[in-house]
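For reference, input_5.txt (compact mmCIF, C-alpha atoms and all ligand atoms):
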# COMPACT_ATOMS: atom_id res chain seq x y z
CA SER A 21 22.73 5.02 -1.25
CA ARG A 22 19.95 2.52 -0.88
CA THR A 23 19.95 -0.38 1.51
CA VAL A 24 17.25 -2.88 0.73
CA ASN A 25 14.79 -3.48 3.55
CA ARG A 26 14.18 -7.22 3.55
CA GLU A 27 10.63 -8.23 4.30
CA GLU A 28 10.20 -11.96 3.94
CA HIS A 29 7.18 -13.22 5.78
CA THR A 30 6.69 -16.60 7.37
CA ASP A 31 3.20 -17.88 8.23
CA GLU A 32 3.88 -16.67 11.74
CA SER A 33 5.03 -13.13 10.87
CA ALA A 34 2.14 -12.72 8.40
CA ALA A 35 -0.34 -13.84 11.09
CA ASP A 36 1.25 -11.39 13.50
CA PHE A 37 0.89 -8.50 11.03
CA ASN A 38 -2.72 -9.54 10.37
CA GLU A 39 -3.43 -9.47 14.08
CA ILE A 40 -2.00 -5.94 14.34
CA ALA A 41 -3.98 -4.86 11.26
CA GLN A 42 -7.23 -6.40 12.62
CA THR A 43 -6.88 -4.76 15.99
CA ILE A 44 -4.52 -1.79 16.28
CA PHE A 45 -4.49 -0.47 12.68
CA PHE A 46 -8.06 -1.48 11.89
CA PRO A 47 -9.76 1.98 11.85
CA ILE A 48 -7.21 3.49 9.44
CA TYR A 49 -8.24 1.47 6.39
CA PRO A 50 -11.70 3.00 5.77
CA VAL A 51 -10.28 6.46 6.52
CA ILE A 52 -7.48 6.01 3.97
CA ALA A 53 -9.84 4.37 1.46
CA ASN A 54 -12.18 7.38 1.67
CA GLN A 55 -9.25 9.77 1.23
CA ILE A 56 -8.16 7.85 -1.88
CA LEU A 57 -11.67 7.82 -3.36
CA GLU A 58 -12.24 11.51 -2.67
CA ARG A 59 -8.86 12.63 -3.86
CA THR A 60 -8.76 10.59 -7.06
CA GLY A 61 -12.48 10.68 -7.89
CA ILE A 62 -12.11 7.10 -9.18
CA GLU A 63 -14.88 4.98 -7.67
CA GLN A 64 -15.42 2.34 -10.31
CA GLY A 65 -13.38 0.19 -12.64
CA GLN A 66 -10.30 -1.84 -11.82
CA CYS A 67 -8.06 -1.09 -8.87
CA LEU A 68 -4.75 -2.72 -7.95
CA ASP A 69 -3.46 -2.72 -4.34
CA LEU A 70 0.30 -3.33 -4.40
CA GLY A 71 1.78 -5.04 -1.34
CA CYS A 72 -1.72 -5.67 -0.01
CA GLY A 73 -0.58 -7.75 2.96
CA PRO A 74 -3.69 -9.22 4.63
CA GLY A 75 -5.88 -7.15 2.30
CA HIS A 76 -7.54 -4.59 4.57
CA LEU A 77 -7.12 -1.57 2.27
CA ALA A 78 -8.37 -3.54 -0.74
CA ILE A 79 -11.37 -4.69 1.32
CA ALA A 80 -12.15 -1.14 2.52
CA LEU A 81 -11.91 0.24 -1.04
CA ALA A 82 -14.28 -2.42 -2.40
CA THR A 83 -16.68 -1.86 0.50
CA LEU A 84 -16.80 1.92 0.03
CA SER A 85 -16.95 2.07 -3.78
CA ASP A 86 -17.89 0.12 -6.90
CA LEU A 87 -14.25 -0.71 -7.63
CA LYS A 88 -13.09 -4.24 -8.36
CA VAL A 89 -9.79 -4.74 -6.59
CA CYS A 90 -6.82 -6.99 -7.27
CA ALA A 91 -4.95 -7.36 -3.99
CA MET A 92 -1.37 -8.22 -4.96
CA ASP A 93 1.56 -9.27 -2.79
CA ASN A 94 4.78 -11.21 -3.27
CA SER A 95 4.33 -13.07 0.02
CA ARG A 96 2.36 -16.34 -0.14
CA PRO A 97 1.70 -16.33 3.64
CA MET A 98 0.22 -12.80 3.38
CA LEU A 99 -1.90 -13.78 0.38
CA ARG A 100 -3.32 -16.83 2.15
CA ILE A 101 -4.51 -14.54 4.96
CA ALA A 102 -5.82 -11.97 2.44
CA GLU A 103 -7.90 -14.74 0.82
CA GLU A 104 -9.38 -15.65 4.22
CA ASN A 105 -10.19 -12.00 4.95
CA ILE A 106 -11.80 -11.51 1.53
CA ARG A 107 -14.02 -14.56 2.22
CA LYS A 108 -14.81 -13.30 5.72
CA TYR A 109 -16.17 -10.06 4.24
CA ARG A 110 -17.93 -11.98 1.44
CA LEU A 111 -16.15 -9.91 -1.18
CA GLU A 112 -14.97 -12.79 -3.40
CA ARG A 113 -16.68 -11.23 -6.43
CA ARG A 114 -15.06 -7.84 -5.97
CA VAL A 115 -11.63 -8.52 -4.47
CA ARG A 116 -9.13 -11.04 -5.82
CA ALA A 117 -5.81 -11.95 -4.18
CA VAL A 118 -3.01 -12.22 -6.74
CA PHE A 119 0.62 -13.25 -6.34
CA GLY A 120 3.04 -10.80 -7.91
CA ASP A 121 6.04 -8.59 -7.42
CA VAL A 122 5.93 -4.82 -7.81
CA MET A 123 9.19 -5.11 -9.78
CA GLU A 124 7.30 -6.96 -12.51
CA ILE A 125 3.57 -6.45 -12.08
CA PRO A 126 1.70 -9.36 -13.69
CA PHE A 127 -0.94 -7.17 -15.38
CA ASN A 128 -1.24 -5.71 -18.85
CA THR A 129 -0.21 -2.21 -19.76
CA GLY A 130 -3.08 0.23 -19.27
CA SER A 131 -5.30 -2.30 -17.49
CA MET A 132 -5.86 -0.41 -14.18
CA ASP A 133 -7.96 2.66 -13.41
CA LEU A 134 -6.39 3.10 -10.00
CA VAL A 135 -3.22 1.75 -8.37
CA VAL A 136 -2.87 2.09 -4.60
CA SER A 137 -0.25 0.96 -2.14
CA ARG A 138 0.09 1.49 1.61
CA GLY A 139 3.15 0.71 3.69
CA SER A 140 4.85 -1.31 0.96
CA PHE A 141 7.13 1.03 -1.01
CA PHE A 142 9.61 1.14 1.88
CA PHE A 143 10.44 -2.47 0.94
CA TRP A 144 10.59 -2.22 -2.85
CA PRO A 145 14.12 -3.18 -3.95
CA ASN A 146 14.07 -0.54 -6.70
CA LEU A 147 11.77 2.43 -6.13
CA SER A 148 12.03 3.81 -9.61
CA ARG A 149 11.28 0.43 -11.18
CA GLY A 150 8.22 0.18 -8.89
CA PHE A 151 6.95 3.60 -9.97
CA SER A 152 7.54 2.83 -13.62
CA GLU A 153 5.63 -0.46 -13.27
CA CYS A 154 2.74 1.47 -11.65
CA LEU A 155 2.74 3.94 -14.53
CA ARG A 156 2.77 1.11 -17.07
CA VAL A 157 -0.28 -0.73 -15.70
CA ILE A 158 -2.43 2.40 -15.26
CA ARG A 159 -4.65 3.42 -18.15
CA PRO A 160 -4.16 6.93 -19.59
CA GLY A 161 -5.96 9.24 -17.16
CA GLY A 162 -5.72 6.68 -14.34
CA ILE A 163 -4.10 7.50 -11.01
CA ALA A 164 -1.48 6.01 -8.67
CA TYR A 165 -1.76 6.67 -4.91
CA ILE A 166 1.29 5.29 -3.14
CA GLY A 167 2.75 5.78 0.31
CA GLY A 168 2.05 5.10 3.92
CA GLY A 169 0.42 6.45 7.01
CA PHE A 170 -2.42 6.19 9.47
CA GLY A 171 -5.15 8.42 8.07
CA ASN A 172 -5.24 11.31 10.53
CA ALA A 173 -3.44 12.82 13.53
CA ARG A 174 -5.66 11.17 16.15
CA LEU A 175 -5.25 7.67 14.71
CA LYS A 176 -1.52 8.21 14.20
CA ASP A 177 -1.06 9.15 17.87
CA GLU A 178 -3.29 6.34 19.17
CA ILE A 179 -1.49 3.75 17.06
CA ALA A 180 1.96 5.05 18.01
CA GLU A 181 1.05 4.62 21.67
CA LYS A 182 -0.42 1.12 21.23
CA MET A 183 2.54 0.00 19.13
CA ARG A 184 5.01 1.46 21.64
CA VAL A 185 3.53 -0.90 24.22
CA ARG A 186 3.38 -3.88 21.89
CA ASP A 187 6.80 -3.48 20.26
CA PRO A 188 9.20 -0.98 21.85
CA GLU A 189 11.37 -1.11 18.70
CA TRP A 190 8.57 -0.23 16.31
CA LYS A 191 9.36 3.49 16.04
CA GLU A 192 13.01 2.71 15.44
CA LYS A 193 12.09 0.16 12.75
CA ARG A 194 9.77 2.63 11.02
CA ASN A 195 12.46 5.29 11.00
CA ARG A 196 14.87 2.80 9.48
CA TRP A 197 12.40 1.68 6.77
CA SER A 198 11.51 5.23 5.87
CA GLN A 199 15.16 6.02 5.05
CA ASN A 200 14.63 4.26 1.70
CA CYS A 201 11.81 6.61 0.78
CA THR A 202 12.91 10.07 1.83
CA PRO A 203 11.40 12.81 -0.34
CA PRO A 204 14.71 13.39 -2.22
CA LYS A 205 14.99 9.65 -2.99
CA VAL A 206 11.34 9.47 -4.03
CA ARG A 207 11.64 12.57 -6.25
CA ALA A 208 14.75 11.15 -7.94
CA ALA A 209 13.05 7.78 -8.46
CA LEU A 210 9.95 9.43 -9.95
CA VAL A 211 12.03 11.48 -12.39
CA PHE A 212 14.04 8.37 -13.33
CA ALA A 213 10.72 6.62 -14.05
CA GLY A 214 9.75 9.53 -16.33
CA ILE A 215 7.13 10.87 -13.91
CA ARG A 216 7.54 14.64 -13.68
CA ASP A 217 4.04 15.63 -12.73
CA TYR A 218 3.16 14.33 -9.27
CA ASP A 219 2.06 15.41 -5.78
CA LEU A 220 4.15 14.45 -2.79
CA ASN A 221 2.42 15.23 0.51
CA LYS A 222 3.54 14.58 4.05
CA ASP A 223 0.80 15.56 6.47
CA ASP A 224 -1.44 14.05 9.14
CA SER A 225 -2.99 11.70 6.58
CA GLY A 226 0.45 10.18 5.97
CA TYR A 227 3.10 10.32 3.30
CA TRP A 228 1.48 9.97 -0.11
CA ILE A 229 2.69 10.26 -3.68
CA VAL A 230 -0.03 10.75 -6.26
CA PHE A 231 0.40 10.85 -10.03
CA ARG A 232 -1.84 10.57 -13.05
CA LYS A 233 -0.87 8.86 -16.30
CA PRO A 234 -1.12 11.51 -19.00
CA LEU A 235 -3.83 11.20 -21.64
CA LYS A 236 -1.94 10.80 -24.91
N1 LIG W 301 -0.70 -2.78 2.53
C1 LIG W 301 -0.90 -3.58 3.71
C2 LIG W 301 -1.42 -2.73 4.84
O1 LIG W 301 -1.35 -1.50 4.72
O2 LIG W 301 -1.93 -3.28 5.82
C3 LIG W 301 0.37 -4.33 4.12
C4 LIG W 301 1.55 -3.48 4.46
S1 LIG W 301 2.98 -4.47 4.92
C5 LIG W 301 3.81 -3.33 5.96
C6 LIG W 301 3.97 -4.42 3.42
C7 LIG W 301 3.57 -5.46 2.38
O3 LIG W 301 4.28 -5.21 1.15
C8 LIG W 301 3.92 -6.89 2.79
O4 LIG W 301 2.77 -7.69 2.71
C9 LIG W 301 4.99 -7.32 1.79
O5 LIG W 301 4.95 -8.71 1.50
C10 LIG W 301 4.63 -6.47 0.59
N2 LIG W 301 5.75 -6.27 -0.35
C11 LIG W 301 6.99 -5.83 -0.06
N3 LIG W 301 7.75 -5.78 -1.17
C12 LIG W 301 6.96 -6.19 -2.20
C13 LIG W 301 7.17 -6.37 -3.59
N4 LIG W 301 8.36 -6.10 -4.17
N5 LIG W 301 6.14 -6.81 -4.35
C14 LIG W 301 4.94 -7.09 -3.78
N6 LIG W 301 4.68 -6.94 -2.47
C15 LIG W 301 5.68 -6.50 -1.68

The structure given in the file should be rewritten as structure tokens.
Ligand code: SAM
Amino acid sequence: SRTVNREEHTDESAADFNEIAQTIFFPIYPVIANQILERTGIEQGQCLDLGCGPGHLAIALATLSDLKVCAMDNSRPMLRIAEENIRKYRLERRVRAVFGDVMEIPFNTGSMDLVVSRGSFFFWPNLSRGFSECLRVIRPGGIAYIGGGFGNARLKDEIAEKMRVRDPEWKEKRNRWSQNCTPPKVRAALVFAGIRDYDLNKDDSGYWIVFRKPLK
């Protein structure tokens, strides 16, 4: 059974998440971006970051590669902050903030070389629909890299400690969110989306699902 995690941001809650991302989470984004680039080998072309929030992963990917990145979210308050962050890093030519829902991604079939998403799939109302939308927008041979995490064991521990102080309920909330994306639920959703060939890894880098769209 799947209970939907509601995540509707106000200007205030989006600013709060941005503040956490700018301070506590900040070092994870380049670490995760490098892991994505190394693991996929895709360093140029068009990338889509689903549920980009304030845009830090999209910004790190554009900074560390030649990718052009569409940073997509279905929260207007998050996107307004993402736009500010993109300007702050002077990446307006390489990163674009786009409004859209993972349930109906507003991009053409086969238009993306790489689709990434961090910390968002816990909130997708229909996991299988999200995966099938990812598969649709990737070009044949392109890769999806979807999941969550903090990059490595040291960062994970440091962040857990800082977040424990800031929000004593954080661990509890994370456990609750992750119930929607247990490996059995994710495996079932992938199969339902017609994705049989994938990697599902849970390790110090986080919990990541990686799949390639077959070359026809
Ligand atoms: N990826 C960012 C990061 O790692 O810093 C933000 C993660 S935040 C925990 C989750 C984000 O996913 C939020 O910005 C939320 O608005 C977005 N989101 C949740 N469900 C979504 C959906 N169905 N379509 C698009 N974005 C969604």

At a cut-off of 7 Å and counting only C-alpha atoms and all ligand atoms, what residues surround ligand LIG 301 (chain W)? Please answer as a JSON list (two decimals) with C-alpha atoms, keeping the file's coordinate frame.
[["chain", "number", "residue", "atom", "x", "y", "z"],
["A", 27, "GLU", "CA", 10.63, -8.23, 4.30],
["A", 28, "GLU", "CA", 10.20, -11.96, 3.94],
["A", 29, "HIS", "CA", 7.18, -13.22, 5.78],
["A", 41, "ALA", "CA", -3.98, -4.86, 11.26],
["A", 70, "LEU", "CA", 0.30, -3.33, -4.40],
["A", 71, "GLY", "CA", 1.78, -5.04, -1.34],
["A", 72, "CYS", "CA", -1.72, -5.67, -0.01],
["A", 73, "GLY", "CA", -0.58, -7.75, 2.96],
["A", 74, "PRO", "CA", -3.69, -9.22, 4.63],
["A", 75, "GLY", "CA", -5.88, -7.15, 2.30],
["A", 76, "HIS", "CA", -7.54, -4.59, 4.57],
["A", 77, "LEU", "CA", -7.12, -1.57, 2.27],
["A", 92, "MET", "CA", -1.37, -8.22, -4.96],
["A", 93, "ASP", "CA", 1.56, -9.27, -2.79],
["A", 94, "ASN", "CA", 4.78, -11.21, -3.27],
["A", 95, "SER", "CA", 4.33, -13.07, 0.02],
["A", 98, "MET", "CA", 0.22, -12.80, 3.38],
["A", 120, "GLY", "CA", 3.04, -10.80, -7.91],
["A", 121, "ASP", "CA", 6.04, -8.59, -7.42],
["A", 122, "VAL", "CA", 5.93, -4.82, -7.81],
["A", 123, "MET", "CA", 9.19, -5.11, -9.78],
["A", 137, "SER", "CA", -0.25, 0.96, -2.14],
["A", 138, "ARG", "CA", 0.09, 1.49, 1.61],
["A", 139, "GLY", "CA", 3.15, 0.71, 3.69],
["A", 140, "SER", "CA", 4.85, -1.31, 0.96],
["A", 141, "PHE", "CA", 7.13, 1.03, -1.01],
["A", 143, "PHE", "CA", 10.44, -2.47, 0.94],
["A", 144, "TRP", "CA", 10.59, -2.22, -2.85],
["A", 145, "PRO", "CA", 14.12, -3.18, -3.95]]

Check: Excluding same-chain residues fewer than 6 positions from range 163-166 of chain A, what lies within 6 Å of it counting all atoms listed in the file, as a VMD selection string?
Finding: chain A and resid 134 to 137 228 to 232

Checklist line | Contacts of Arg194 in chain A within 12 Å, all atoms listed in the file, excl. fewer than 2 positions in-chain, as an NGL selection string | finding: :A and (25 or 139-140 or 142-143 or 168-169 or 180 or 183-184 or 187-192 or 196-201)

Check: Could you state the separation of CA of Thr60 in chain A and CA of Ala102 in chain A in Å, given to one decimal place?
Finding: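 Interatomic distance, CA of Thr60 in chain A to CA of Ala102 in chain A: 24.7 Å.
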
Item checked: Separation of CA of Ile101 in chain A from CA of Asn54 in chain A in Å ->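 Atom-to-atom, CA of Asn54 in chain A and CA of Ile101 in chain A are spaced 23.5 Å apart.
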
Next item on the list: Give me the residues within 7 Å of Asp86 in chain A as number ranges by chain, counting only C-alpha atoms and dropping any in the same chain fewer than 2 places off.
Entry: A: 63-64, 82, 88

Item checked: Nearest to Ile106 in chain A, chosen from A:Cys90, A:Ile79, A:Ile125, A:Ala209, with all atoms listed in the file counted in the distances -> A:Ile79

Margin query: Which residue is closest to Arg100 in chain A? Choose from A:Arg156, A:Pro47, A:Gly130, A:Ala35 and count only C-alpha atoms.
Written below: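 Answer, going by the shortest atom-to-atom distance: A:Ala35.
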
Check: By how many Å are CA of Glu124 in chain A and CA of Cys154 in chain A apart?
Finding: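 According to the coordinates, CA of Glu124 in chain A and CA of Cys154 in chain A are separated by 9.6 Å.
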
Item checked: Proximity to Asn128 in chain A - best of A:Arg110, A:Lys193, A:Arg149, A:Arg159, all atoms listed in the file ->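 When distances to Asn128 in chain A are compared using all atoms listed in the file, the smallest one comes from A:Arg159.
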
Item checked: Contact residues around range 213-227 of chain A with all atoms listed in the file at 9 Å, ignoring same-chain residues under 3 positions, as a ChimeraX atom specification -> /A:51-52,55,148-153,155,166-174,176,203,206-210,230-233

May I have the residues from that selection written out with C-alpha atoms, as a tab-separated table (two decimals), keeping the file's coordinate frame?
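Final file, out.tsv:
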chain	number	residue	atom	x	y	z
A	51	VAL	CA	-10.28	6.46	6.52
A	52	ILE	CA	-7.48	6.01	3.97
A	55	GLN	CA	-9.25	9.77	1.23
A	148	SER	CA	12.03	3.81	-9.61
A	149	ARG	CA	11.28	0.43	-11.18
A	150	GLY	CA	8.22	0.18	-8.89
A	151	PHE	CA	6.95	3.60	-9.97
A	152	SER	CA	7.54	2.83	-13.62
A	153	GLU	CA	5.63	-0.46	-13.27
A	155	LEU	CA	2.74	3.94	-14.53
A	166	ILE	CA	1.29	5.29	-3.14
A	167	GLY	CA	2.75	5.78	0.31
A	168	GLY	CA	2.05	5.10	3.92
A	169	GLY	CA	0.42	6.45	7.01
A	170	PHE	CA	-2.42	6.19	9.47
A	171	GLY	CA	-5.15	8.42	8.07
A	172	ASN	CA	-5.24	11.31	10.53
A	173	ALA	CA	-3.44	12.82	13.53
A	174	ARG	CA	-5.66	11.17	16.15
A	176	LYS	CA	-1.52	8.21	14.20
A	203	PRO	CA	11.40	12.81	-0.34
A	206	VAL	CA	11.34	9.47	-4.03
A	207	ARG	CA	11.64	12.57	-6.25
A	208	ALA	CA	14.75	11.15	-7.94
A	209	ALA	CA	13.05	7.78	-8.46
A	210	LEU	CA	9.95	9.43	-9.95
A	230	VAL	CA	-0.03	10.75	-6.26
A	231	PHE	CA	0.40	10.85	-10.03
A	232	ARG	CA	-1.84	10.57	-13.05
A	233	LYS	CA	-0.87	8.86	-16.30

Margin query: Here is a test: counting all atoms listed in the file, which residue of A:Leu111, A:Ala78, A:Leu99, A:Ala91 is nearest to Thr30 in chain A?
Written below: A:Leu99
